[in-house]
Structures are given as structure tokens and as C-alpha cells.
>>> print(open('query-v3.pdb').read())   # PDB, C-alpha atoms
ATOM      1  CA  MET A   1     174.499-149.047 124.532
ATOM      2  CA  LYS A   2     172.925-145.594 124.714
ATOM      3  CA  ILE A   3     172.152-144.776 128.349
ATOM      4  CA  VAL A   4     169.792-141.956 129.300
ATOM      5  CA  VAL A   5     169.561-140.792 132.904
ATOM      6  CA  LEU A   6     166.055-139.389 133.231
ATOM      7  CA  GLY A   7     166.204-136.979 136.137
ATOM      8  CA  ALA A   8     169.664-135.458 136.577
ATOM      9  CA  GLY A   9     169.253-134.441 140.189
ATOM     10  CA  ALA A  10     171.738-135.482 142.853
ATOM     11  CA  MET A  11     171.494-139.254 142.425
ATOM     12  CA  GLY A  12     170.956-139.159 138.678
ATOM     13  CA  SER A  13     174.047-136.997 138.305
ATOM     14  CA  ILE A  14     176.150-139.375 140.409
ATOM     15  CA  PHE A  15     175.107-142.332 138.254
ATOM     16  CA  GLY A  16     175.417-140.435 134.983
ATOM     17  CA  GLY A  17     178.769-138.957 135.926
ATOM     18  CA  HIS A  18     180.282-142.297 136.896
ATOM     19  CA  LEU A  19     178.977-143.951 133.734
ATOM     20  CA  ALA A  20     180.385-141.177 131.548
ATOM     21  CA  GLU A  21     183.759-141.465 133.291
ATOM     22  CA  ALA A  22     183.735-145.188 132.456
ATOM     23  CA  GLY A  23     183.338-144.387 128.768
ATOM     24  CA  GLU A  24     179.656-145.194 128.375
ATOM     25  CA  ASP A  25     177.430-143.321 125.904
ATOM     26  CA  VAL A  26     175.444-141.265 128.426
ATOM     27  CA  ILE A  27     172.972-138.405 128.174
ATOM     28  CA  LEU A  28     171.503-136.595 131.182
ATOM     29  CA  LEU A  29     167.905-135.572 130.507
ATOM     30  CA  ASP A  30     166.275-133.075 132.855
ATOM     31  CA  VAL A  31     163.877-130.124 132.853
ATOM     32  CA  TRP A  32     166.216-127.935 134.970
ATOM     33  CA  ARG A  33     167.690-125.720 132.251
ATOM     34  CA  GLU A  34     170.290-123.971 134.430
ATOM     35  CA  HIS A  35     171.671-127.346 135.568
ATOM     36  CA  VAL A  36     171.834-128.643 131.987
ATOM     37  CA  GLU A  37     173.552-125.474 130.731
ATOM     38  CA  ALA A  38     176.125-125.584 133.554
ATOM     39  CA  ILE A  39     176.978-129.211 132.748
ATOM     40  CA  ASN A  40     177.343-128.514 129.043
ATOM     41  CA  ASN A  41     179.415-125.370 129.604
ATOM     42  CA  LYS A  42     181.763-126.491 132.382
ATOM     43  CA  GLY A  43     181.171-130.194 132.936
ATOM     44  CA  LEU A  44     179.439-131.946 135.828
ATOM     45  CA  HIS A  45     181.262-131.025 139.052
ATOM     46  CA  ILE A  46     181.198-133.868 141.587
ATOM     47  CA  THR A  47     182.811-133.531 145.004
ATOM     48  CA  GLY A  48     182.763-135.770 148.057
ATOM     49  CA  VAL A  49     183.678-139.390 148.704
ATOM     50  CA  SER A  50     184.469-140.223 145.077
ATOM     51  CA  GLY A  51     186.788-137.253 144.587
ATOM     52  CA  ASP A  52     186.671-133.693 143.289
ATOM     53  CA  ARG A  53     186.522-133.408 139.511
ATOM     54  CA  TYR A  54     184.647-132.093 136.478
ATOM     55  CA  ILE A  55     183.167-134.759 134.189
ATOM     56  CA  ARG A  56     182.332-134.161 130.563
ATOM     57  CA  VAL A  57     178.879-135.590 129.931
ATOM     58  CA  ARG A  58     176.106-134.550 127.559
ATOM     59  CA  ALA A  59     172.982-132.996 129.077
ATOM     60  CA  THR A  60     169.753-131.752 127.537
ATOM     61  CA  THR A  61     166.176-130.743 128.288
ATOM     62  CA  ASP A  62     164.917-131.874 124.870
ATOM     63  CA  ALA A  63     163.986-135.467 124.018
ATOM     64  CA  LYS A  64     164.754-134.713 120.356
ATOM     65  CA  ASP A  65     168.446-134.511 121.275
ATOM     66  CA  VAL A  66     168.291-138.067 122.596
ATOM     67  CA  GLY A  67     166.485-140.164 120.009
ATOM     68  CA  THR A  68     165.738-143.508 121.615
ATOM     69  CA  ALA A  69     167.519-145.158 124.520
ATOM     70  CA  ASP A  70     168.736-148.699 125.114
ATOM     71  CA  LEU A  71     168.770-148.173 128.879
ATOM     72  CA  VAL A  72     166.914-145.491 130.845
ATOM     73  CA  ILE A  73     167.891-144.955 134.472
ATOM     74  CA  LEU A  74     164.907-143.316 136.140
ATOM     75  CA  ALA A  75     166.050-141.023 138.943
ATOM     76  CA  VAL A  76     163.299-138.398 139.211
ATOM     77  CA  LYS A  77     161.468-137.865 142.473
ATOM     78  CA  ALA A  78     158.619-140.362 142.758
ATOM     79  CA  TYR A  79     155.921-137.679 142.532
ATOM     80  CA  ASN A  80     157.366-136.533 139.184
ATOM     81  CA  THR A  81     157.389-139.990 137.599
ATOM     82  CA  LYS A  82     154.247-139.682 135.492
ATOM     83  CA  ASP A  83     155.095-136.215 134.166
ATOM     84  CA  ALA A  84     158.696-137.150 133.399
ATOM     85  CA  ILE A  85     157.911-140.301 131.436
ATOM     86  CA  THR A  86     154.992-138.644 129.645
ATOM     87  CA  THR A  87     157.112-135.632 128.679
ATOM     88  CA  TYR A  88     159.968-137.789 127.418
ATOM     89  CA  ARG A  89     157.938-140.758 126.154
ATOM     90  CA  SER A  90     159.664-140.652 122.751
ATOM     91  CA  ILE A  91     162.976-141.942 124.183
ATOM     92  CA  PHE A  92     161.391-145.321 124.981
ATOM     93  CA  THR A  93     160.905-148.290 122.665
ATOM     94  CA  PRO A  94     159.466-151.720 123.544
ATOM     95  CA  ASN A  95     163.090-152.930 123.800
ATOM     96  CA  THR A  96     164.278-150.189 126.157
ATOM     97  CA  ILE A  97     165.387-151.390 129.574
ATOM     98  CA  LEU A  98     163.990-149.114 132.281
ATOM     99  CA  LEU A  99     165.833-149.191 135.615
ATOM    100  CA  THR A 100     164.256-147.249 138.461
ATOM    101  CA  ILE A 101     166.516-146.212 141.346
ATOM    102  CA  GLN A 102     163.822-144.156 143.043
ATOM    103  CA  ASN A 103     162.930-144.155 146.724
ATOM    104  CA  GLY A 104     159.918-145.956 148.139
ATOM    105  CA  LEU A 105     157.442-148.418 146.683
ATOM    106  CA  ILE A 106     157.257-147.752 142.951
ATOM    107  CA  ASP A 107     154.368-149.105 140.878
ATOM    108  CA  VAL A 108     156.087-151.242 138.234
ATOM    109  CA  LYS A 109     152.891-151.735 136.231
ATOM    110  CA  MET A 110     152.490-147.972 136.022
ATOM    111  CA  LEU A 111     156.046-147.678 134.681
ATOM    112  CA  GLU A 112     155.314-150.315 132.043
ATOM    113  CA  GLN A 113     152.110-148.615 130.955
ATOM    114  CA  LEU A 114     153.615-145.131 130.809
ATOM    115  CA  SER A 115     156.837-146.103 129.029
ATOM    116  CA  GLY A 116     155.543-148.828 126.738
ATOM    117  CA  THR A 117     158.307-151.244 127.734
ATOM    118  CA  SER A 118     157.909-154.401 129.812
ATOM    119  CA  ARG A 119     161.643-154.555 130.491
ATOM    120  CA  VAL A 120     161.443-152.771 133.862
ATOM    121  CA  LEU A 121     164.071-153.427 136.536
ATOM    122  CA  VAL A 122     164.107-152.196 140.123
ATOM    123  CA  GLY A 123     167.218-150.877 141.832
ATOM    124  CA  VAL A 124     167.999-149.858 145.394
ATOM    125  CA  THR A 125     171.115-147.790 145.959
ATOM    126  CA  GLY A 126     173.141-147.049 149.038
ATOM    127  CA  HIS A 127     174.832-144.013 147.508
ATOM    128  CA  GLY A 128     174.072-140.655 149.069
ATOM    129  CA  ALA A 129     174.131-137.359 147.197
ATOM    130  CA  THR A 130     173.093-133.719 147.534
ATOM    131  CA  MET A 131     172.598-131.001 144.925
ATOM    132  CA  LEU A 132     174.752-127.957 145.678
ATOM    133  CA  GLY A 133     173.630-125.906 142.697
ATOM    134  CA  PRO A 134     173.470-126.013 138.895
ATOM    135  CA  GLY A 135     176.121-128.456 137.691
ATOM    136  CA  GLU A 136     177.321-129.074 141.269
ATOM    137  CA  VAL A 137     176.721-132.338 143.161
ATOM    138  CA  TYR A 138     178.121-133.576 146.475
ATOM    139  CA  HIS A 139     178.682-137.344 146.688
ATOM    140  CA  ALA A 140     177.920-137.862 150.383
ATOM    141  CA  GLY A 141     178.387-141.602 150.708
ATOM    142  CA  ARG A 142     179.038-144.818 148.846
ATOM    143  CA  GLY A 143     177.043-148.039 149.049
ATOM    144  CA  LYS A 144     175.900-151.029 147.055
ATOM    145  CA  THR A 145     173.340-150.742 144.296
ATOM    146  CA  VAL A 146     171.200-153.875 144.205
ATOM    147  CA  ILE A 147     169.205-154.621 141.055
ATOM    148  CA  GLY A 148     166.539-157.183 140.305
ATOM    149  CA  ASP A 149     163.636-158.121 138.109
ATOM    150  CA  PRO A 150     160.359-157.504 139.992
ATOM    151  CA  ARG A 151     159.086-160.830 138.641
ATOM    152  CA  GLY A 152     161.912-162.630 140.437
ATOM    153  CA  GLY A 153     165.079-164.419 139.418
ATOM    154  CA  ILE A 154     168.277-163.048 137.923
ATOM    155  CA  THR A 155     167.698-162.402 134.231
ATOM    156  CA  GLU A 156     170.241-161.673 131.512
ATOM    157  CA  GLU A 157     169.057-158.052 131.503
ATOM    158  CA  VAL A 158     169.802-157.764 135.219
ATOM    159  CA  LYS A 159     173.263-159.278 134.735
ATOM    160  CA  HIS A 160     174.010-156.904 131.864
ATOM    161  CA  VAL A 161     172.998-153.773 133.781
ATOM    162  CA  VAL A 162     174.949-154.902 136.852
ATOM    163  CA  GLU A 163     178.026-155.371 134.662
ATOM    164  CA  ILE A 164     177.681-151.850 133.211
ATOM    165  CA  LEU A 165     177.306-150.267 136.656
ATOM    166  CA  ASN A 166     180.271-152.180 138.059
ATOM    167  CA  ARG A 167     182.475-150.988 135.205
ATOM    168  CA  ALA A 168     181.549-147.492 136.390
ATOM    169  CA  ASN A 169     182.534-148.263 139.996
ATOM    170  CA  LEU A 170     178.933-148.074 141.217
ATOM    171  CA  GLU A 171     179.241-151.319 143.228
ATOM    172  CA  ALA A 172     176.244-153.153 141.811
ATOM    173  CA  GLU A 173     174.984-156.659 142.471
ATOM    174  CA  ALA A 174     172.015-158.732 141.314
ATOM    175  CA  SER A 175     169.239-159.991 143.557
ATOM    176  CA  PRO A 176     166.790-162.814 142.820
ATOM    177  CA  ASP A 177     164.285-161.234 145.244
ATOM    178  CA  VAL A 178     164.401-157.487 144.809
ATOM    179  CA  ARG A 179     161.107-157.035 146.695
ATOM    180  CA  GLY A 180     162.882-157.988 149.901
ATOM    181  CA  VAL A 181     165.649-155.506 149.121
ATOM    182  CA  VAL A 182     163.158-152.695 148.433
ATOM    183  CA  TRP A 183     161.187-153.366 151.604
ATOM    184  CA  THR A 184     164.341-153.530 153.718
ATOM    185  CA  LYS A 185     165.440-150.078 152.584
ATOM    186  CA  LEU A 186     161.837-148.915 152.983
ATOM    187  CA  MET A 187     162.060-149.698 156.709
ATOM    188  CA  ALA A 188     164.868-147.156 157.082
ATOM    189  CA  ASN A 189     163.020-144.510 155.071
ATOM    190  CA  ILE A 190     159.814-145.097 157.039
ATOM    191  CA  GLY A 191     161.539-144.695 160.386
ATOM    192  CA  ILE A 192     163.960-141.895 159.594
ATOM    193  CA  ASN A 193     162.497-139.630 156.913
ATOM    194  CA  PRO A 194     159.230-138.303 158.366
ATOM    195  CA  VAL A 195     160.557-138.030 161.918
ATOM    196  CA  THR A 196     163.572-135.991 160.822
ATOM    197  CA  ALA A 197     161.447-133.857 158.480
ATOM    198  CA  LEU A 198     158.963-133.013 161.233
ATOM    199  CA  THR A 199     161.527-132.331 163.962
ATOM    200  CA  ARG A 200     164.347-130.847 161.801
ATOM    201  CA  LEU A 201     166.736-133.264 163.533
ATOM    202  CA  ARG A 202     169.551-135.077 161.760
ATOM    203  CA  ASN A 203     169.462-138.855 161.432
ATOM    204  CA  GLY A 204     171.551-139.653 164.497
ATOM    205  CA  GLU A 205     169.672-137.237 166.737
ATOM    206  CA  ILE A 206     166.339-139.023 166.396
ATOM    207  CA  VAL A 207     167.752-142.188 168.011
ATOM    208  CA  GLU A 208     169.434-140.202 170.791
ATOM    209  CA  ASN A 209     166.121-138.667 171.889
ATOM    210  CA  PRO A 210     163.769-141.201 173.533
ATOM    211  CA  GLU A 211     160.624-139.481 172.257
ATOM    212  CA  THR A 212     161.581-139.449 168.579
ATOM    213  CA  ARG A 213     163.141-142.901 168.836
ATOM    214  CA  ALA A 214     159.867-144.289 170.183
ATOM    215  CA  ILE A 215     157.906-142.843 167.241
ATOM    216  CA  MET A 216     160.449-144.209 164.786
ATOM    217  CA  GLU A 217     160.230-147.682 166.307
ATOM    218  CA  MET A 218     156.416-147.708 166.237
ATOM    219  CA  ALA A 219     156.357-146.739 162.568
ATOM    220  CA  VAL A 220     158.878-149.440 161.637
ATOM    221  CA  ARG A 221     157.043-152.064 163.695
ATOM    222  CA  GLU A 222     153.814-151.379 161.787
ATOM    223  CA  ALA A 223     155.584-151.577 158.425
ATOM    224  CA  TYR A 224     157.204-154.856 159.432
ATOM    225  CA  GLU A 225     153.787-156.323 160.220
ATOM    226  CA  VAL A 226     152.618-155.300 156.743
ATOM    227  CA  ALA A 227     155.672-156.942 155.152
ATOM    228  CA  LYS A 228     155.160-160.161 157.131
ATOM    229  CA  THR A 229     151.511-160.319 156.119
ATOM    230  CA  LEU A 230     152.567-159.928 152.473
ATOM    231  CA  LYS A 231     155.131-162.729 153.040
ATOM    232  CA  ILE A 232     158.001-160.458 152.059
ATOM    233  CA  LYS A 233     161.353-161.690 153.346
ATOM    234  CA  LEU A 234     163.517-158.822 154.557
ATOM    235  CA  LEU A 235     167.303-158.930 154.456
ATOM    236  CA  VAL A 236     167.445-158.358 158.217
ATOM    237  CA  ASP A 237     165.959-160.276 161.141
ATOM    238  CA  ASP A 238     165.349-157.223 163.339
ATOM    239  CA  PRO A 239     164.172-154.206 161.283
ATOM    240  CA  ILE A 240     164.118-151.849 164.264
ATOM    241  CA  ALA A 241     167.749-152.608 165.121
ATOM    242  CA  TYR A 242     168.569-152.211 161.425
ATOM    243  CA  VAL A 243     166.961-148.753 161.213
ATOM    244  CA  ILE A 244     168.703-147.615 164.398
ATOM    245  CA  ASP A 245     172.007-148.798 162.933
ATOM    246  CA  VAL A 246     171.360-146.918 159.670
ATOM    247  CA  ALA A 247     170.519-143.744 161.598
ATOM    248  CA  LYS A 248     173.726-144.030 163.637
ATOM    249  CA  LYS A 249     175.903-144.712 160.594
ATOM    250  CA  THR A 250     174.431-141.648 158.860
ATOM    251  CA  ALA A 251     174.243-139.638 162.076
ATOM    252  CA  THR A 252     175.249-136.274 160.623
ATOM    253  CA  ASN A 253     173.143-136.616 157.460
ATOM    254  CA  LYS A 254     169.975-134.718 156.724
ATOM    255  CA  SER A 255     167.404-137.122 155.314
ATOM    256  CA  SER A 256     166.122-136.483 151.791
ATOM    257  CA  MET A 257     162.700-135.652 153.216
ATOM    258  CA  LEU A 258     164.152-133.097 155.620
ATOM    259  CA  GLN A 259     166.044-131.530 152.697
ATOM    260  CA  ASP A 260     162.783-131.349 150.731
ATOM    261  CA  VAL A 261     160.982-129.668 153.611
ATOM    262  CA  GLU A 262     163.787-127.175 154.185
ATOM    263  CA  ARG A 263     163.684-126.265 150.495
ATOM    264  CA  GLN A 264     159.881-126.138 150.617
ATOM    265  CA  ARG A 265     159.447-128.817 147.965
ATOM    266  CA  PRO A 266     156.991-131.727 147.767
ATOM    267  CA  THR A 267     158.161-134.852 149.603
ATOM    268  CA  GLU A 268     158.026-138.536 148.706
ATOM    269  CA  ILE A 269     155.808-139.391 151.681
ATOM    270  CA  ASP A 270     153.181-141.007 149.419
ATOM    271  CA  VAL A 271     155.548-143.785 148.283
ATOM    272  CA  ILE A 272     157.089-144.303 151.725
ATOM    273  CA  ASN A 273     154.830-144.143 154.800
ATOM    274  CA  GLY A 274     151.803-143.376 152.641
ATOM    275  CA  ALA A 275     152.332-146.563 150.640
ATOM    276  CA  VAL A 276     152.430-148.629 153.836
ATOM    277  CA  VAL A 277     149.198-146.977 154.968
ATOM    278  CA  ARG A 278     147.412-147.836 151.711
ATOM    279  CA  ILE A 279     148.608-151.447 151.713
ATOM    280  CA  GLY A 280     148.033-151.917 155.433
ATOM    281  CA  LYS A 281     144.419-150.816 155.163
ATOM    282  CA  GLN A 282     143.867-153.124 152.193
ATOM    283  CA  ILE A 283     145.144-156.190 154.060
ATOM    284  CA  GLY A 284     143.769-155.323 157.493
ATOM    285  CA  VAL A 285     146.984-154.421 159.352
ATOM    286  CA  SER A 286     146.984-151.492 161.784
ATOM    287  CA  VAL A 287     149.011-148.562 160.417
ATOM    288  CA  THR A 288     147.907-145.776 162.762
ATOM    289  CA  VAL A 289     151.348-144.299 163.439
ATOM    290  CA  ASN A 290     152.283-144.283 159.757
ATOM    291  CA  GLU A 291     148.964-142.628 158.932
ATOM    292  CA  ILE A 292     149.603-139.898 161.509
ATOM    293  CA  LEU A 293     153.120-139.305 160.160
ATOM    294  CA  THR A 294     151.814-139.214 156.590
ATOM    295  CA  ASN A 295     149.080-136.732 157.465
ATOM    296  CA  LEU A 296     151.488-134.493 159.380
ATOM    297  CA  ILE A 297     153.922-134.379 156.460
ATOM    298  CA  LYS A 298     151.087-133.696 154.002
ATOM    299  CA  GLY A 299     149.878-130.865 156.247
ATOM    300  CA  LEU A 300     153.401-129.457 156.482
ATOM    301  CA  GLU A 301     153.718-129.567 152.684
ATOM    302  CA  ARG A 302     150.473-127.635 152.281
ATOM    303  CA  SER A 303     151.686-124.963 154.699
ATOM    304  CA  TYR A 304     154.416-123.912 152.275
ATOM    305  CA  LEU A 305     153.310-125.207 148.850
ATOM    306  CA  LYS A 306     150.125-123.115 148.920
ATOM    307  CA  LYS A 307     152.322-120.016 149.153
TER     308      LYS A 307
END
>>> encode(input="query-v3.pdb", output="C-alpha cells")
Amino acid sequence: MKIVVLGAGAMGSIFGGHLAEAGEDVILLDVWREHVEAINNKGLHITGVSGDRYIRVRATTDAKDVGTADLVILAVKAYNTKDAITTYRSIFTPNTILLTIQNGLIDVKMLEQLSGTSRVLVGVTGHGATMLGPGEVYHAGRGKTVIGDPRGGITEEVKHVVEILNRANLEAEASPDVRGVVWTKLMANIGINPVTALTRLRNGEIVENPETRAIMEMAVREAYEVAKTLKIKLLVDDPIAYVIDVAKKTATNKSSMLQDVERQRPTEIDVINGAVVRIGKQIGVSVTVNEILTNLIKGLERSYLKK
């Protein structure tokens, strides 16, 4: 099976590197030329919880070097999804399996329309990773990768992809209700990401301070009301306690949104708190706190992106 990792940033590199180590036919496809050249010249350098080593894996910026893929792992930032699939549309066929491991609420129908394949799977990963520079990735933490078909049930495609990831030591499992998995992780992103990005605090610090903890709890409570109205069953009974626990377990981490802000890049606020705002307004659930957080992050983005 030819596997293409579309978006060889931190998480894409972790997945691609592990798969290559396991002997899979892997190509990293990314627009960052310096990163691609470093990988091809020296190998992909991964440090952190999975060890310190260089991995030989093919990387390219050109879809012509790929041909077509049997499995595409989509790991670009959510706001780059349309451009990435449009740019590299030629790697997809109607039989290509497309697995998204992106943050937030991803529009599966949009992925189907852009890629031309209906074989779209959704994944949620507990791995943590940070880009250190071209060809250099820090594996910050390990965790399960849960995969499912957005239509429900555990299909043969899901089983096959889970098997491939497990051979690569990526700790995958199948879920018959991946919506619940996505929304459970979304609770953590909703509570932690914008608050840390706005305050420049690390994950653990926002639960230590009563003011930031209160904002986090209000945002999560609103999102939980949206999920209940949609009849989505979370994997946890108390989402606020769950988010607090996640923040404590990752206490020294900088959230991905804080990293984006520090590097003056766009954030994924539109598919996290922004998505809850859009859905909440459609179904008549109050989302005032999430709307304020979304607007503040959007304003912060404009303060540096316009430069």
C-alpha cells in the first residue's frame, strides 16, 4: 500500500516517520521546501519520547513524484485543507482512503468533494509533537490514535488502517462512534487552546489561576450543551473534569494555538471554538463565551498577520 502523508509538519512527520520505520511505502508531501530537502539529505530527525534517531523516508513538494496514493493521511492545519487537497488533487483516486488526523471539527463532505473519494475516515490522536526546524521534529508525548468511519460502525477500511498504524507502533484502535471521540477531544481544545493563546500561559497554569479556569469551564460548559443537543455521546461523563485533567497531565506543554500565536501564524480557532459558535447559533444554544474567545483570537491574528 502506497501511503502519502499530506502535510509533513510535526504530527505528519511523526506518523510518516513511524510508518517508514515499520517498512511501509511512505512519501511525505509538503510545500515547505527546506523541510523536504533536509529530510531527503539527512533523514527525518525525531527526538523525544520515541527516541532519538534519523529515519530514511522519501519527501517531496511535487505531486508528480507521488503518482496516486492508496492511503492519504491528511495532517495539514485545518485552514490549509482546501489549498492542500486542491494543489495535490492528482494523488487521489476514487479508491483512495483519506484519513484526516486534523484538529477540530472537520467537514467530511468537503473532504469528499475536494478529493473525489468517498472513502474518508476520521482520526483523533493523542500524540504530541513540535517542529524544531527543517527535518527536525520533537515527539512530545504518546497517546492512542482512534479511527472511525463518520457514517458509523467499524468497516473493513477502518480495521485495515488501524492494523497498519499498530504495526508502526502508533497505538491505534477502531471506534464505532468516532463523532463522540472527536467531540470529546474538542472539549479539551475548546477549553485549553484559546485561553492559553490569549494569556501566554502553559496548559497547567490556566487551571491554577481561578480567573482563567473560570473562563475555560464556561467555554466547555457551552460546548457540552451543544453536544447534548446534537445527541452526541461523549466518552466522559464530566467534560469539565476531563479538560482539567488533560491540562494537568500536559501542564508544561504549550498548546498548539499558543505556538501558532507565538510564531505569528494563523490559528485553527475556526474549527474549534468557532465551529461550536456556528453550530450553537444554528440549533439555538447559547455560545456567548465561545464567541468572545473566537473573536479575541481572530483579532489577535489580525494584529500580526496584517504586518
>>> closest_residue(input="query-v3.pdb", among="A:Phe15, A:Tyr79, A:Tyr304, A:Tyr242", to="Arg263 in chain A", atoms="all atoms listed in the file")
A:Tyr304
>>> residues_around(input="query-v3.pdb", residues="Asn193 in chain A", least_positions_apart="3", cutoff="12 Å", atoms="only C-alpha atoms", output="ChimeraX atom specification")
/A:103-104,185-190,196-204,206,212,215-216,219-220,243,246-247,253-261,267-269,271-273,290,293-294,297
>>> atom_distance(input="query-v3.pdb", atom1="CA of Val195 in chain A", atom2="CA of His127 in chain A")
21.1 Å
>>> resolve_selection(input="query-v3.pdb", expression="the PyMOL selection byres ((chain A and resi 72) around 8)", output="list in words")
Ile3, Val4, Val5, Leu6, Ala69, Asp70, Leu71, Ile73, Leu74, Thr96, Ile97, Leu98 and Leu99 of chain A
>>> closest_residue(input="query-v3.pdb", among="A:Asn209, A:Arg179, A:Gly274, A:Ala38", to="Ile232 in chain A", atoms="only C-alpha atoms")
A:Arg179
>>> closest_residue(input="query-v3.pdb", among="A:Ser286, A:Thr87, A:Ser115, A:Thr145", to="Val162 in chain A", atoms="all atoms listed in the file")
A:Thr145
>>> closest_residue(input="query-v3.pdb", among="A:Asn169, A:Thr250, A:Thr81, A:Thr130", to="Gly9 in chain A", atoms="only C-alpha atoms")
A:Thr130
>>> closest_residue(input="query-v3.pdb", among="A:Thr100, A:Gln264, A:Gln282, A:Thr155", to="Met11 in chain A", atoms="only C-alpha atoms")
A:Thr100
>>> atom_distance(input="query-v3.pdb", atom1="CA of Ala20 in chain A", atom2="CA of Val36 in chain A")
15.2 Å
>>> residues_near_point(input="query-v3.pdb", point="(182.7, -141.0, 147.0)", cutoff="10 Å", atoms="all atoms listed in the file", output="list in words")
Ile14, Ile46, Thr47, Gly48, Val49, Ser50, Gly51, Asp52, His127, Gly128, Ala129, Tyr138, His139, Ala140, Gly141, Arg142, Gly143 and Leu170 of chain A
>>> resolve_selection(input="query-v3.pdb", expression="the PyMOL selection byres ((chain A and resi 123) around 9)", output="NGL selection string")
:A and (99-102 or 121-122 or 124-125 or 145-149 or 178 or 181-182)
>>> write_last_selection(input="query-v3.pdb", atoms="C-alpha atoms", output="mmCIF file, in the coordinates of the input")
data_model
loop_
_atom_site.group_PDB
_atom_site.id
_atom_site.type_symbol
_atom_site.label_atom_id
_atom_site.label_comp_id
_atom_site.auth_asym_id
_atom_site.auth_seq_id
_atom_site.Cartn_x
_atom_site.Cartn_y
_atom_site.Cartn_z
ATOM 1 C CA LEU A 99 165.833 -149.191 135.615
ATOM 2 C CA THR A 100 164.256 -147.249 138.461
ATOM 3 C CA ILE A 101 166.516 -146.212 141.346
ATOM 4 C CA GLN A 102 163.822 -144.156 143.043
ATOM 5 C CA LEU A 121 164.071 -153.427 136.536
ATOM 6 C CA VAL A 122 164.107 -152.196 140.123
ATOM 7 C CA VAL A 124 167.999 -149.858 145.394
ATOM 8 C CA THR A 125 171.115 -147.790 145.959
ATOM 9 C CA THR A 145 173.340 -150.742 144.296
ATOM 10 C CA VAL A 146 171.200 -153.875 144.205
ATOM 11 C CA ILE A 147 169.205 -154.621 141.055
ATOM 12 C CA GLY A 148 166.539 -157.183 140.305
ATOM 13 C CA ASP A 149 163.636 -158.121 138.109
ATOM 14 C CA VAL A 178 164.401 -157.487 144.809
ATOM 15 C CA VAL A 181 165.649 -155.506 149.121
ATOM 16 C CA VAL A 182 163.158 -152.695 148.433
#
>>> closest_residue(input="query-v3.pdb", among="A:Lys144, A:His35, A:Arg151, A:Arg167", to="Glu21 in chain A", atoms="all atoms listed in the file")
A:Arg167
>>> resolve_selection(input="query-v3.pdb", expression="the PyMOL selection byres ((chain A and resi 234) around 9)", output="list in words")
Arg179, Gly180, Val181, Val182, Trp183, Thr184, Tyr224, Ala227, Lys228, Ile232, Lys233, Leu235, Val236, Asp237 and Pro239 of chain A
>>> atom_distance(input="query-v3.pdb", atom1="CA of Leu105 in chain A", atom2="CA of Lys281 in chain A")
15.7 Å
>>> residues_around(input="query-v3.pdb", residues="Ile154 in chain A", least_positions_apart="3", cutoff="8 Å", atoms="only C-alpha atoms", output="VMD selection string")
chain A and resid 148 to 149 158 to 159 174 to 176
>>> write_last_selection(input="query-v3.pdb", atoms="C-alpha atoms", output="short mmCIF file (atom, residue, chain, number, x, y, z; two decimals), keeping the file's coordinate frame")
data_model
loop_
_atom_site.label_atom_id
_atom_site.label_comp_id
_atom_site.auth_asym_id
_atom_site.auth_seq_id
_atom_site.Cartn_x
_atom_site.Cartn_y
_atom_site.Cartn_z
CA GLY A 148 166.54 -157.18 140.30
CA ASP A 149 163.64 -158.12 138.11
CA VAL A 158 169.80 -157.76 135.22
CA LYS A 159 173.26 -159.28 134.74
CA ALA A 174 172.02 -158.73 141.31
CA SER A 175 169.24 -159.99 143.56
CA PRO A 176 166.79 -162.81 142.82
#
>>> residues_around(input="query-v3.pdb", residues="Glu112 in chain A", least_positions_apart="6", cutoff="10 Å", atoms="all atoms listed in the file", output="list in words")
Pro94, Leu98, Ser118, Arg119 and Val120 of chain A
>>> residues_around(input="query-v3.pdb", residues="Arg56 in chain A", least_positions_apart="3", cutoff="12 Å", atoms="all atoms listed in the file", output="ChimeraX atom specification")
/A:13,16-28,36,38-46,53,59,135
>>> write_last_selection(input="query-v3.pdb", atoms="C-alpha atoms", output="mmCIF file, in the coordinates of the input")
data_model
loop_
_atom_site.group_PDB
_atom_site.id
_atom_site.type_symbol
_atom_site.label_atom_id
_atom_site.label_comp_id
_atom_site.auth_asym_id
_atom_site.auth_seq_id
_atom_site.Cartn_x
_atom_site.Cartn_y
_atom_site.Cartn_z
ATOM 1 C CA SER A 13 174.047 -136.997 138.305
ATOM 2 C CA GLY A 16 175.417 -140.435 134.983
ATOM 3 C CA GLY A 17 178.769 -138.957 135.926
ATOM 4 C CA HIS A 18 180.282 -142.297 136.896
ATOM 5 C CA LEU A 19 178.977 -143.951 133.734
ATOM 6 C CA ALA A 20 180.385 -141.177 131.548
ATOM 7 C CA GLU A 21 183.759 -141.465 133.291
ATOM 8 C CA ALA A 22 183.735 -145.188 132.456
ATOM 9 C CA GLY A 23 183.338 -144.387 128.768
ATOM 10 C CA GLU A 24 179.656 -145.194 128.375
ATOM 11 C CA ASP A 25 177.430 -143.321 125.904
ATOM 12 C CA VAL A 26 175.444 -141.265 128.426
ATOM 13 C CA ILE A 27 172.972 -138.405 128.174
ATOM 14 C CA LEU A 28 171.503 -136.595 131.182
ATOM 15 C CA VAL A 36 171.834 -128.643 131.987
ATOM 16 C CA ALA A 38 176.125 -125.584 133.554
ATOM 17 C CA ILE A 39 176.978 -129.211 132.748
ATOM 18 C CA ASN A 40 177.343 -128.514 129.043
ATOM 19 C CA ASN A 41 179.415 -125.370 129.604
ATOM 20 C CA LYS A 42 181.763 -126.491 132.382
ATOM 21 C CA GLY A 43 181.171 -130.194 132.936
ATOM 22 C CA LEU A 44 179.439 -131.946 135.828
ATOM 23 C CA HIS A 45 181.262 -131.025 139.052
ATOM 24 C CA ILE A 46 181.198 -133.868 141.587
ATOM 25 C CA ARG A 53 186.522 -133.408 139.511
ATOM 26 C CA ALA A 59 172.982 -132.996 129.077
ATOM 27 C CA GLY A 135 176.121 -128.456 137.691
#
